[in-house]
>>> print(open('coords.txt').read())   # compact mmCIF, C-alpha atoms and all ligand atoms
# COMPACT_ATOMS: atom_id res chain seq x y z
CA MET Y 1 -29.83 -27.98 17.57
CA SER Y 2 -32.18 -26.47 15.01
CA SER Y 3 -31.13 -25.84 11.42
CA LEU Y 4 -29.39 -22.63 10.41
CA GLN Y 5 -31.98 -19.84 10.35
CA ALA Y 6 -30.23 -16.58 9.45
CA LEU Y 7 -27.03 -14.98 8.20
CA ILE Y 8 -26.00 -11.67 9.75
CA PHE Y 9 -23.58 -9.55 7.74
CA ASP Y 10 -21.26 -6.74 8.75
CA VAL Y 11 -21.02 -4.11 6.00
CA ASP Y 12 -17.73 -2.17 5.89
CA GLY Y 13 -14.86 -4.42 4.89
CA THR Y 14 -17.11 -7.51 4.69
CA LEU Y 15 -19.65 -6.79 1.95
CA ALA Y 16 -17.34 -4.29 0.24
CA ASP Y 17 -13.92 -2.68 0.70
CA THR Y 18 -15.42 0.64 1.69
CA GLU Y 19 -12.90 2.03 4.15
CA ARG Y 20 -9.76 3.13 2.24
CA ASP Y 21 -11.37 4.36 -0.97
CA GLY Y 22 -14.81 5.22 0.37
CA HIS Y 23 -15.16 6.43 3.95
CA ARG Y 24 -11.60 7.82 4.11
CA ILE Y 25 -12.09 9.86 0.94
CA ALA Y 26 -15.44 11.18 2.18
CA PHE Y 27 -13.97 12.22 5.56
CA ASN Y 28 -11.21 14.14 3.73
CA GLN Y 29 -13.76 15.84 1.44
CA ALA Y 30 -15.78 16.93 4.49
CA PHE Y 31 -12.66 18.28 6.19
CA GLU Y 32 -11.65 20.25 3.10
CA GLN Y 33 -15.13 21.67 2.61
CA ALA Y 34 -15.14 22.84 6.24
CA GLY Y 35 -11.80 24.61 5.70
CA LEU Y 36 -9.89 22.24 7.99
CA ASP Y 37 -6.35 21.17 7.15
CA TRP Y 38 -7.02 17.62 8.40
CA ASN Y 39 -6.20 14.95 5.83
CA TRP Y 40 -6.25 11.25 6.67
CA SER Y 41 -3.63 9.23 4.77
CA VAL Y 42 -4.12 5.52 4.08
CA ASP Y 43 -1.74 4.72 6.99
CA MET Y 44 -3.32 7.17 9.43
CA TYR Y 45 -6.79 5.85 8.59
CA GLY Y 46 -5.58 2.34 9.44
CA LYS Y 47 -4.71 3.59 12.93
CA LEU Y 48 -8.02 5.42 13.26
CA LEU Y 49 -9.96 2.26 12.40
CA ALA Y 50 -9.17 1.10 15.94
CA VAL Y 51 -12.32 3.05 16.82
CA THR Y 52 -15.62 2.23 15.12
CA GLY Y 53 -18.15 4.90 14.21
CA GLY Y 54 -17.26 8.00 12.20
CA LYS Y 55 -18.08 10.54 14.92
CA GLU Y 56 -16.21 8.48 17.51
CA ARG Y 57 -13.27 8.18 15.05
CA MET Y 58 -13.02 11.96 14.64
CA ALA Y 59 -13.06 12.42 18.43
CA TYR Y 60 -10.31 9.79 18.72
CA TYR Y 61 -8.25 11.63 16.06
CA LEU Y 62 -8.41 14.84 18.09
CA GLU Y 63 -7.63 13.03 21.32
CA LYS Y 64 -4.65 11.01 20.06
CA PHE Y 65 -3.27 12.45 16.82
CA ASN Y 66 -4.22 16.13 16.47
CA THR Y 67 -3.78 17.16 20.07
CA ASP Y 68 -2.96 20.81 19.20
CA PHE Y 69 -6.44 21.36 17.76
CA PRO Y 70 -8.45 23.40 20.29
CA VAL Y 71 -11.27 21.32 21.79
CA ASP Y 72 -14.15 22.92 23.69
CA ASP Y 73 -17.85 22.39 24.36
CA LYS Y 74 -18.65 23.19 20.69
CA THR Y 75 -16.50 20.30 19.42
CA PRO Y 76 -19.26 17.63 19.57
CA LEU Y 77 -21.48 19.82 17.35
CA MET Y 78 -18.62 20.42 14.93
CA ILE Y 79 -18.05 16.64 14.75
CA LYS Y 80 -21.75 16.02 14.19
CA GLU Y 81 -21.86 18.52 11.31
CA LEU Y 82 -18.65 17.17 9.78
CA HIS Y 83 -20.15 13.69 9.98
CA GLN Y 84 -23.35 14.77 8.20
CA SER Y 85 -21.25 16.27 5.44
CA LYS Y 86 -19.08 13.13 5.29
CA THR Y 87 -22.19 10.95 4.94
CA ALA Y 88 -23.38 13.12 2.02
CA PHE Y 89 -20.01 12.80 0.26
CA TYR Y 90 -19.90 9.05 0.95
CA THR Y 91 -23.39 8.27 -0.34
CA GLU Y 92 -22.70 10.45 -3.40
CA LEU Y 93 -19.54 8.43 -4.08
CA LEU Y 94 -21.43 5.14 -3.74
CA SER Y 95 -24.13 6.35 -6.12
CA THR Y 96 -21.49 6.41 -8.88
CA GLY Y 97 -21.00 2.66 -8.35
CA ALA Y 98 -17.39 3.36 -7.31
CA ILE Y 99 -17.27 0.58 -4.70
CA PRO Y 100 -18.19 -2.95 -5.82
CA LEU Y 101 -19.18 -5.84 -3.56
CA ARG Y 102 -16.41 -8.27 -2.61
CA PRO Y 103 -16.20 -11.61 -4.50
CA GLY Y 104 -18.93 -14.08 -3.59
CA VAL Y 105 -21.13 -11.64 -1.67
CA LYS Y 106 -23.82 -11.21 -4.32
CA ARG Y 107 -23.87 -14.94 -5.15
CA LEU Y 108 -24.21 -15.94 -1.48
CA ILE Y 109 -26.98 -13.42 -0.83
CA GLN Y 110 -28.83 -14.60 -3.93
CA GLU Y 111 -28.49 -18.24 -2.84
CA ALA Y 112 -29.76 -17.34 0.63
CA ARG Y 113 -32.82 -15.66 -0.88
CA GLU Y 114 -33.53 -18.59 -3.20
CA GLN Y 115 -33.32 -21.04 -0.28
CA GLY Y 116 -35.44 -18.92 2.06
CA MET Y 117 -32.55 -18.28 4.45
CA ARG Y 118 -33.19 -15.13 6.49
CA ILE Y 119 -30.59 -12.35 6.12
CA ALA Y 120 -29.76 -9.32 8.26
CA ILE Y 121 -27.19 -6.56 8.67
CA SER Y 122 -25.22 -5.58 11.78
CA THR Y 123 -22.93 -2.57 11.33
CA THR Y 124 -21.67 0.53 13.06
CA THR Y 125 -22.01 2.63 9.94
CA THR Y 126 -24.82 5.14 9.34
CA PRO Y 127 -28.08 3.63 7.94
CA ALA Y 128 -27.95 5.88 4.83
CA ASN Y 129 -24.56 4.38 3.96
CA VAL Y 130 -25.96 0.84 4.11
CA THR Y 131 -28.86 1.75 1.82
CA ALA Y 132 -26.53 3.49 -0.65
CA LEU Y 133 -24.19 0.49 -0.84
CA LEU Y 134 -26.95 -2.09 -1.18
CA GLU Y 135 -29.01 -0.16 -3.72
CA HIS Y 136 -26.03 0.73 -5.94
CA ALA Y 137 -23.87 -2.39 -5.61
CA LEU Y 138 -26.41 -5.18 -4.97
CA GLY Y 139 -29.36 -3.81 -6.92
CA LYS Y 140 -32.37 -1.54 -6.63
CA GLY Y 141 -34.77 -2.70 -3.91
CA SER Y 142 -32.16 -5.00 -2.34
CA THR Y 143 -32.39 -3.19 1.01
CA ASP Y 144 -35.78 -4.90 1.42
CA TRP Y 145 -34.19 -8.34 1.15
CA PHE Y 146 -32.69 -7.82 4.63
CA GLU Y 147 -35.17 -8.55 7.34
CA VAL Y 148 -33.30 -6.46 9.92
CA ILE Y 149 -30.81 -3.65 9.35
CA ALA Y 150 -29.06 -2.89 12.64
CA ALA Y 151 -26.91 0.17 11.99
CA GLY Y 152 -25.24 3.27 13.41
CA ASP Y 153 -26.46 4.96 16.57
CA ILE Y 154 -29.34 2.51 17.10
CA VAL Y 155 -27.32 1.22 20.05
CA PRO Y 156 -25.13 3.64 22.01
CA ALA Y 157 -22.20 1.22 22.46
CA LYS Y 158 -20.77 0.38 19.02
CA LYS Y 159 -18.57 -2.63 18.13
CA PRO Y 160 -16.56 -4.17 19.83
CA ALA Y 161 -19.55 -4.15 22.21
CA ALA Y 162 -21.98 -7.00 21.45
CA ASP Y 163 -25.01 -4.67 21.56
CA ILE Y 164 -25.58 -4.25 17.81
CA TYR Y 165 -25.65 -8.04 17.26
CA LEU Y 166 -27.86 -8.56 20.31
CA TRP Y 167 -30.23 -5.92 18.93
CA ALA Y 168 -30.33 -7.69 15.54
CA LEU Y 169 -30.96 -11.10 17.18
CA ASN Y 170 -33.73 -9.60 19.24
CA GLN Y 171 -35.39 -8.11 16.13
CA LEU Y 172 -35.03 -11.44 14.29
CA ASN Y 173 -36.42 -13.20 17.37
CA LEU Y 174 -33.67 -15.81 17.03
CA LYS Y 175 -31.04 -17.24 19.32
CA SER Y 176 -27.35 -16.80 18.52
CA GLN Y 177 -27.01 -20.61 18.02
CA ASP Y 178 -29.43 -20.39 15.06
CA CYS Y 179 -27.38 -17.81 13.13
CA LEU Y 180 -23.95 -17.16 11.64
CA ALA Y 181 -22.13 -13.81 11.53
CA PHE Y 182 -19.81 -12.49 8.80
CA GLU Y 183 -17.09 -10.04 9.81
CA ASP Y 184 -13.75 -8.64 8.64
CA SER Y 185 -12.19 -7.04 11.73
CA GLU Y 186 -11.14 -7.63 15.32
CA ASN Y 187 -13.69 -5.14 16.65
CA GLY Y 188 -16.30 -6.91 14.54
CA ILE Y 189 -15.54 -10.43 15.78
CA LYS Y 190 -15.37 -9.26 19.39
CA SER Y 191 -18.88 -7.95 18.91
CA SER Y 192 -20.27 -11.06 17.18
CA LEU Y 193 -18.57 -13.54 19.54
CA GLY Y 194 -19.74 -11.40 22.45
CA ALA Y 195 -23.28 -11.99 21.23
CA GLY Y 196 -22.58 -15.75 21.07
CA LEU Y 197 -22.49 -16.04 17.27
CA LYS Y 198 -20.28 -18.40 15.29
CA THR Y 199 -18.33 -16.08 13.01
CA ILE Y 200 -16.73 -16.34 9.57
CA ILE Y 201 -14.03 -13.81 8.76
CA THR Y 202 -12.99 -12.49 5.36
CA ILE Y 203 -9.89 -10.36 5.88
CA ASN Y 204 -8.84 -7.25 3.95
CA ASP Y 205 -5.68 -5.12 3.80
CA TYR Y 206 -6.54 -3.16 6.93
CA THR Y 207 -7.49 -6.23 9.00
CA LYS Y 208 -5.14 -9.01 7.84
CA GLU Y 209 -2.97 -8.73 11.01
CA HIS Y 210 -5.94 -8.64 13.41
CA ASP Y 211 -6.52 -11.30 16.08
CA PHE Y 212 -9.37 -13.56 14.98
CA THR Y 213 -9.21 -16.03 17.87
CA GLY Y 214 -12.56 -17.77 18.17
CA ALA Y 215 -13.49 -17.49 14.48
CA SER Y 216 -15.01 -20.62 12.92
CA LEU Y 217 -13.21 -19.89 9.65
CA VAL Y 218 -10.81 -17.16 8.48
CA LEU Y 219 -10.62 -16.66 4.70
CA ASP Y 220 -9.11 -14.15 2.31
CA GLN Y 221 -12.53 -13.75 0.63
CA MET Y 222 -15.88 -15.53 0.28
CA GLY Y 223 -14.77 -16.71 -3.14
CA GLU Y 224 -16.47 -17.81 -6.33
CA PRO Y 225 -16.41 -21.16 -8.15
CA ASP Y 226 -13.79 -19.71 -10.54
CA ASN Y 227 -12.02 -17.55 -7.90
CA THR Y 228 -11.70 -19.80 -4.86
CA PHE Y 229 -10.90 -18.68 -1.31
CA THR Y 230 -7.67 -19.26 0.59
CA THR Y 231 -8.19 -20.65 4.09
CA LEU Y 232 -6.13 -18.87 6.76
CA SER Y 233 -7.50 -20.82 9.73
CA GLY Y 234 -10.42 -23.05 10.69
CA ASP Y 235 -12.17 -25.98 9.00
CA ASN Y 236 -13.38 -25.26 5.45
CA HIS Y 237 -15.07 -28.71 5.25
CA GLY Y 238 -13.44 -29.25 1.83
CA ALA Y 239 -15.20 -26.27 0.25
CA HIS Y 240 -13.61 -23.79 -2.16
CA PHE Y 241 -16.11 -20.93 -1.88
CA ILE Y 242 -18.76 -19.99 0.67
CA ASP Y 243 -22.18 -21.40 -0.08
CA LEU Y 244 -25.09 -22.56 2.07
CA ASP Y 245 -23.84 -26.14 2.07
CA LEU Y 246 -20.60 -25.02 3.78
CA LEU Y 247 -22.49 -22.69 6.13
CA ASN Y 248 -24.81 -25.50 7.24
CA LYS Y 249 -21.75 -27.67 8.01
CA ILE Y 250 -20.14 -24.88 10.05
CA HIS Y 251 -23.42 -24.39 11.89
CA LEU Y 252 -23.62 -28.09 12.82
CA ALA Y 253 -19.91 -28.52 13.70
CA PRO Y 254 -19.03 -28.78 17.40
CA GLU Y 255 -17.50 -25.56 18.79
C1 LIG G 1 -17.52 0.33 10.27
C2 LIG G 1 -17.22 1.59 10.93
C3 LIG G 1 -17.86 2.82 10.45
C4 LIG G 1 -17.34 3.29 9.11
C5 LIG G 1 -17.73 4.71 8.87
O1 LIG G 1 -17.20 -0.75 11.14
O2 LIG G 1 -16.49 1.63 11.89
O3 LIG G 1 -17.61 3.81 11.39
O4 LIG G 1 -15.93 3.22 9.09
O5 LIG G 1 -19.11 4.89 8.91
P1 LIG G 1 -17.91 -2.17 10.99
P2 LIG G 1 -19.79 6.11 9.71
O6 LIG G 1 -17.51 -2.69 9.65
O7 LIG G 1 -17.31 -3.02 12.08
O8 LIG G 1 -19.38 -1.99 11.18
O9 LIG G 1 -18.97 7.33 9.42
O10 LIG G 1 -21.19 6.20 9.19
O11 LIG G 1 -19.73 5.74 11.17
MG MG G 2 -16.30 -4.31 9.17
>>> encode(input="coords.txt", output="structure tokens")
Amino acid sequence: MSSLQALIFDVDGTLADTERDGHRIAFNQAFEQAGLDWNWSVDMYGKLLAVTGGKERMAYYLEKFNTDFPVDDKTPLMIKELHQSKTAFYTELLSTGAIPLRPGVKRLIQEAREQGMRIAISTTTTPANVTALLEHALGKGSTDWFEVIAAGDIVPAKKPAADIYLWALNQLNLKSQDCLAFEDSENGIKSSLGAGLKTIITINDYTKEHDFTGASLVLDQMGEPDNTFTTLSGDNHGAHFIDLDLLNKIHLAPE
């Protein structure tokens, strides 16, 4: 087996807790601006997260939770326009620095860059949202640190389908055995495992009850030297926070 070549990161929930206080707020702002009485509570949004992709999530809301709302052949266009408006509200919110990166994310990415480890993104969110998060939370120009940004509608089948990870691997010209994936959700790990990637999970409030069978390691957070992680399952190889030393051990460990 060759040495570890690349780290592939999910965005929402993994790099930052964007869903409850970011995407959800932006959806509600878009609904209000459009004169709709839709309003997604924290609980309702948790149910809607079963479906990845903002446009797909709105369609799911109409199908399962707002069944009285009249749906016709103009609905897909309405959803598309609502989604454009939601993206504008979301990127505006991120530009205020409202959503920080989760503990350990910046340190790990910096270590990866210093050591020449290749890094990439694999997410279902819209590319503009990735850029806004990276530029405002990680630093100006940080988007360029990622060799591949696989995002949004670049593949038609979003997570839990493996397609977005397979697309990223193809762009990196690497095999799944040479990389590690970082995820926070069941749909995310289904996608990464489906692409054959060993996966490390950092849970959050929306995903803590999810099924992470097959994960190499499940943690509450990546952790910092002075804010260490709690291991929920898997072998942490005696580490207290995620660094490249731990990641190399996970990479070499038998499945
Ligand atoms: C993220 C998503 C996205 C975001 C919203 O999932 O499902 O849909 O919630 O972004 P993951 P958009 O972390 O697994 O990539 O509205 O741009 O889709
Ligand atoms: Mg996620």
>>> residues_near_ligand(input="coords.txt", ligand="ligand LIG 1 (chain G)", cutoff="7 Å", atoms="all atoms listed in the file", output="MDAnalysis selection string")
chainID Y and resid 10:14 19 23 49 51:55 83 87 122:126 129 152 159 185 187:188
>>> write_last_selection(input="coords.txt", atoms="C-alpha atoms", output="mmCIF file, in the frame of the given file")
data_model
loop_
_atom_site.group_PDB
_atom_site.id
_atom_site.type_symbol
_atom_site.label_atom_id
_atom_site.label_comp_id
_atom_site.auth_asym_id
_atom_site.auth_seq_id
_atom_site.Cartn_x
_atom_site.Cartn_y
_atom_site.Cartn_z
ATOM 1 C CA ASP Y 10 -21.260 -6.740 8.750
ATOM 2 C CA VAL Y 11 -21.020 -4.110 6.000
ATOM 3 C CA ASP Y 12 -17.730 -2.170 5.890
ATOM 4 C CA GLY Y 13 -14.860 -4.420 4.890
ATOM 5 C CA THR Y 14 -17.110 -7.510 4.690
ATOM 6 C CA GLU Y 19 -12.900 2.030 4.150
ATOM 7 C CA HIS Y 23 -15.160 6.430 3.950
ATOM 8 C CA LEU Y 49 -9.960 2.260 12.400
ATOM 9 C CA VAL Y 51 -12.320 3.050 16.820
ATOM 10 C CA THR Y 52 -15.620 2.230 15.120
ATOM 11 C CA GLY Y 53 -18.150 4.900 14.210
ATOM 12 C CA GLY Y 54 -17.260 8.000 12.200
ATOM 13 C CA LYS Y 55 -18.080 10.540 14.920
ATOM 14 C CA HIS Y 83 -20.150 13.690 9.980
ATOM 15 C CA THR Y 87 -22.190 10.950 4.940
ATOM 16 C CA SER Y 122 -25.220 -5.580 11.780
ATOM 17 C CA THR Y 123 -22.930 -2.570 11.330
ATOM 18 C CA THR Y 124 -21.670 0.530 13.060
ATOM 19 C CA THR Y 125 -22.010 2.630 9.940
ATOM 20 C CA THR Y 126 -24.820 5.140 9.340
ATOM 21 C CA ASN Y 129 -24.560 4.380 3.960
ATOM 22 C CA GLY Y 152 -25.240 3.270 13.410
ATOM 23 C CA LYS Y 159 -18.570 -2.630 18.130
ATOM 24 C CA SER Y 185 -12.190 -7.040 11.730
ATOM 25 C CA ASN Y 187 -13.690 -5.140 16.650
ATOM 26 C CA GLY Y 188 -16.300 -6.910 14.540
#
>>> closest_residue(input="coords.txt", among="Y:Ile201, Y:Ala161, Y:Ile242, Y:Ala59", to="ligand MG 2 (chain G)", atoms="only C-alpha atoms and all ligand atoms")
Y:Ile201
>>> closest_residue(input="coords.txt", among="Y:Ala137, Y:Met222, Y:Ala128, Y:Cys179", to="Leu4 of chain Y", atoms="only C-alpha atoms")
Y:Cys179
>>> closest_residue(input="coords.txt", among="Y:Thr131, Y:Ser192, Y:Ser95, Y:Asn236", to="ligand MG 2 (chain G)", atoms="all atoms listed in the file")
Y:Ser192
>>> atom_distance(input="coords.txt", atom1="atom CA of Lys208 of chain Y", atom2="atom CA of Asp220 of chain Y")
8.5 Å
>>> residues_around(input="coords.txt", residues="Leu174 of chain Y", least_positions_apart="2", cutoff="12 Å", atoms="all atoms listed in the file", output="mmCIF file with C-alpha atoms, in the frame of the given file")
data_model
loop_
_atom_site.group_PDB
_atom_site.id
_atom_site.type_symbol
_atom_site.label_atom_id
_atom_site.label_comp_id
_atom_site.auth_asym_id
_atom_site.auth_seq_id
_atom_site.Cartn_x
_atom_site.Cartn_y
_atom_site.Cartn_z
ATOM 1 C CA SER Y 2 -32.180 -26.470 15.010
ATOM 2 C CA SER Y 3 -31.130 -25.840 11.420
ATOM 3 C CA LEU Y 4 -29.390 -22.630 10.410
ATOM 4 C CA GLN Y 5 -31.980 -19.840 10.350
ATOM 5 C CA ALA Y 6 -30.230 -16.580 9.450
ATOM 6 C CA LEU Y 7 -27.030 -14.980 8.200
ATOM 7 C CA ILE Y 8 -26.000 -11.670 9.750
ATOM 8 C CA ARG Y 118 -33.190 -15.130 6.490
ATOM 9 C CA ILE Y 119 -30.590 -12.350 6.120
ATOM 10 C CA ALA Y 120 -29.760 -9.320 8.260
ATOM 11 C CA VAL Y 148 -33.300 -6.460 9.920
ATOM 12 C CA TYR Y 165 -25.650 -8.040 17.260
ATOM 13 C CA LEU Y 166 -27.860 -8.560 20.310
ATOM 14 C CA TRP Y 167 -30.230 -5.920 18.930
ATOM 15 C CA ALA Y 168 -30.330 -7.690 15.540
ATOM 16 C CA LEU Y 169 -30.960 -11.100 17.180
ATOM 17 C CA ASN Y 170 -33.730 -9.600 19.240
ATOM 18 C CA GLN Y 171 -35.390 -8.110 16.130
ATOM 19 C CA LEU Y 172 -35.030 -11.440 14.290
ATOM 20 C CA SER Y 176 -27.350 -16.800 18.520
ATOM 21 C CA GLN Y 177 -27.010 -20.610 18.020
ATOM 22 C CA ASP Y 178 -29.430 -20.390 15.060
ATOM 23 C CA CYS Y 179 -27.380 -17.810 13.130
ATOM 24 C CA LEU Y 180 -23.950 -17.160 11.640
ATOM 25 C CA ALA Y 195 -23.280 -11.990 21.230
ATOM 26 C CA GLY Y 196 -22.580 -15.750 21.070
ATOM 27 C CA LEU Y 197 -22.490 -16.040 17.270
#
>>> closest_residue(input="coords.txt", among="Y:Ile203, Y:Ala132, Y:Leu82, Y:Leu247", to="ligand MG 2 (chain G)", atoms="all atoms listed in the file")
Y:Ile203
>>> closest_residue(input="coords.txt", among="Y:Ala98, Y:Met78, Y:Ala30, Y:Ala50", to="ligand MG 2 (chain G)", atoms="all atoms listed in the file")
Y:Ala50
>>> closest_residue(input="coords.txt", among="Y:Lys198, Y:Pro156, Y:Ser41, Y:Gly104", to="Ala181 of chain Y", atoms="only C-alpha atoms")
Y:Lys198
>>> atom_distance(input="coords.txt", atom1="atom CA of Thr207 of chain Y", atom2="atom CA of Val105 of chain Y")
18.1 Å
>>> atom_distance(input="coords.txt", atom1="atom CA of Leu15 of chain Y", atom2="atom CA of Gly234 of chain Y")
20.6 Å
>>> residues_around(input="coords.txt", residues="Val42 of chain Y", least_positions_apart="3", cutoff="10 Å", atoms="all atoms listed in the file", output="mmCIF file with C-alpha atoms, in the coordinates of the input")
data_model
loop_
_atom_site.group_PDB
_atom_site.id
_atom_site.type_symbol
_atom_site.label_atom_id
_atom_site.label_comp_id
_atom_site.auth_asym_id
_atom_site.auth_seq_id
_atom_site.Cartn_x
_atom_site.Cartn_y
_atom_site.Cartn_z
ATOM 1 C CA GLU Y 19 -12.900 2.030 4.150
ATOM 2 C CA ARG Y 20 -9.760 3.130 2.240
ATOM 3 C CA ASP Y 21 -11.370 4.360 -0.970
ATOM 4 C CA ARG Y 24 -11.600 7.820 4.110
ATOM 5 C CA ILE Y 25 -12.090 9.860 0.940
ATOM 6 C CA ASN Y 39 -6.200 14.950 5.830
ATOM 7 C CA TYR Y 45 -6.790 5.850 8.590
ATOM 8 C CA GLY Y 46 -5.580 2.340 9.440
ATOM 9 C CA LYS Y 47 -4.710 3.590 12.930
ATOM 10 C CA LEU Y 48 -8.020 5.420 13.260
ATOM 11 C CA TYR Y 206 -6.540 -3.160 6.930
#
>>> residues_around(input="coords.txt", residues="Ile99 of chain Y", least_positions_apart="6", cutoff="8 Å", atoms="all atoms listed in the file", output="PyMOL selection string")
chain Y and resi 16-18+21-22+133+137
>>> residues_around(input="coords.txt", residues="Thr143 of chain Y", least_positions_apart="3", cutoff="8 Å", atoms="all atoms listed in the file", output="number ranges by chain")
Y: 131, 134-135, 140, 146
>>> write_last_selection(input="coords.txt", atoms="C-alpha atoms", output="PDB file, in the frame of the given file")
ATOM      1  CA  THR Y 131     -28.860   1.750   1.820  1.00  0.00           C
ATOM      2  CA  LEU Y 134     -26.950  -2.090  -1.180  1.00  0.00           C
ATOM      3  CA  GLU Y 135     -29.010  -0.160  -3.720  1.00  0.00           C
ATOM      4  CA  LYS Y 140     -32.370  -1.540  -6.630  1.00  0.00           C
ATOM      5  CA  PHE Y 146     -32.690  -7.820   4.630  1.00  0.00           C
TER       6      PHE Y 146
END
>>> axis_aligned_box(input="coords.txt", around="segment 32-39 of chain Y", padding_each_side="3 Å", output="JSON")
{"center_x": -10.7, "center_y": 19.8, "center_z": 5.5, "size_x": 14.9, "size_y": 15.7, "size_z": 11.8}
>>> residues_around(input="coords.txt", residues="Ser85 of chain Y", least_positions_apart="5", cutoff="10 Å", atoms="only C-alpha atoms", output="mmCIF file with C-alpha atoms, in the coordinates of the input")
data_model
loop_
_atom_site.group_PDB
_atom_site.id
_atom_site.type_symbol
_atom_site.label_atom_id
_atom_site.label_comp_id
_atom_site.auth_asym_id
_atom_site.auth_seq_id
_atom_site.Cartn_x
_atom_site.Cartn_y
_atom_site.Cartn_z
ATOM 1 C CA ALA Y 26 -15.440 11.180 2.180
ATOM 2 C CA PHE Y 27 -13.970 12.220 5.560
ATOM 3 C CA GLN Y 29 -13.760 15.840 1.440
ATOM 4 C CA ALA Y 30 -15.780 16.930 4.490
ATOM 5 C CA PHE Y 31 -12.660 18.280 6.190
ATOM 6 C CA GLN Y 33 -15.130 21.670 2.610
ATOM 7 C CA ALA Y 34 -15.140 22.840 6.240
ATOM 8 C CA ILE Y 79 -18.050 16.640 14.750
ATOM 9 C CA LYS Y 80 -21.750 16.020 14.190
ATOM 10 C CA TYR Y 90 -19.900 9.050 0.950
#
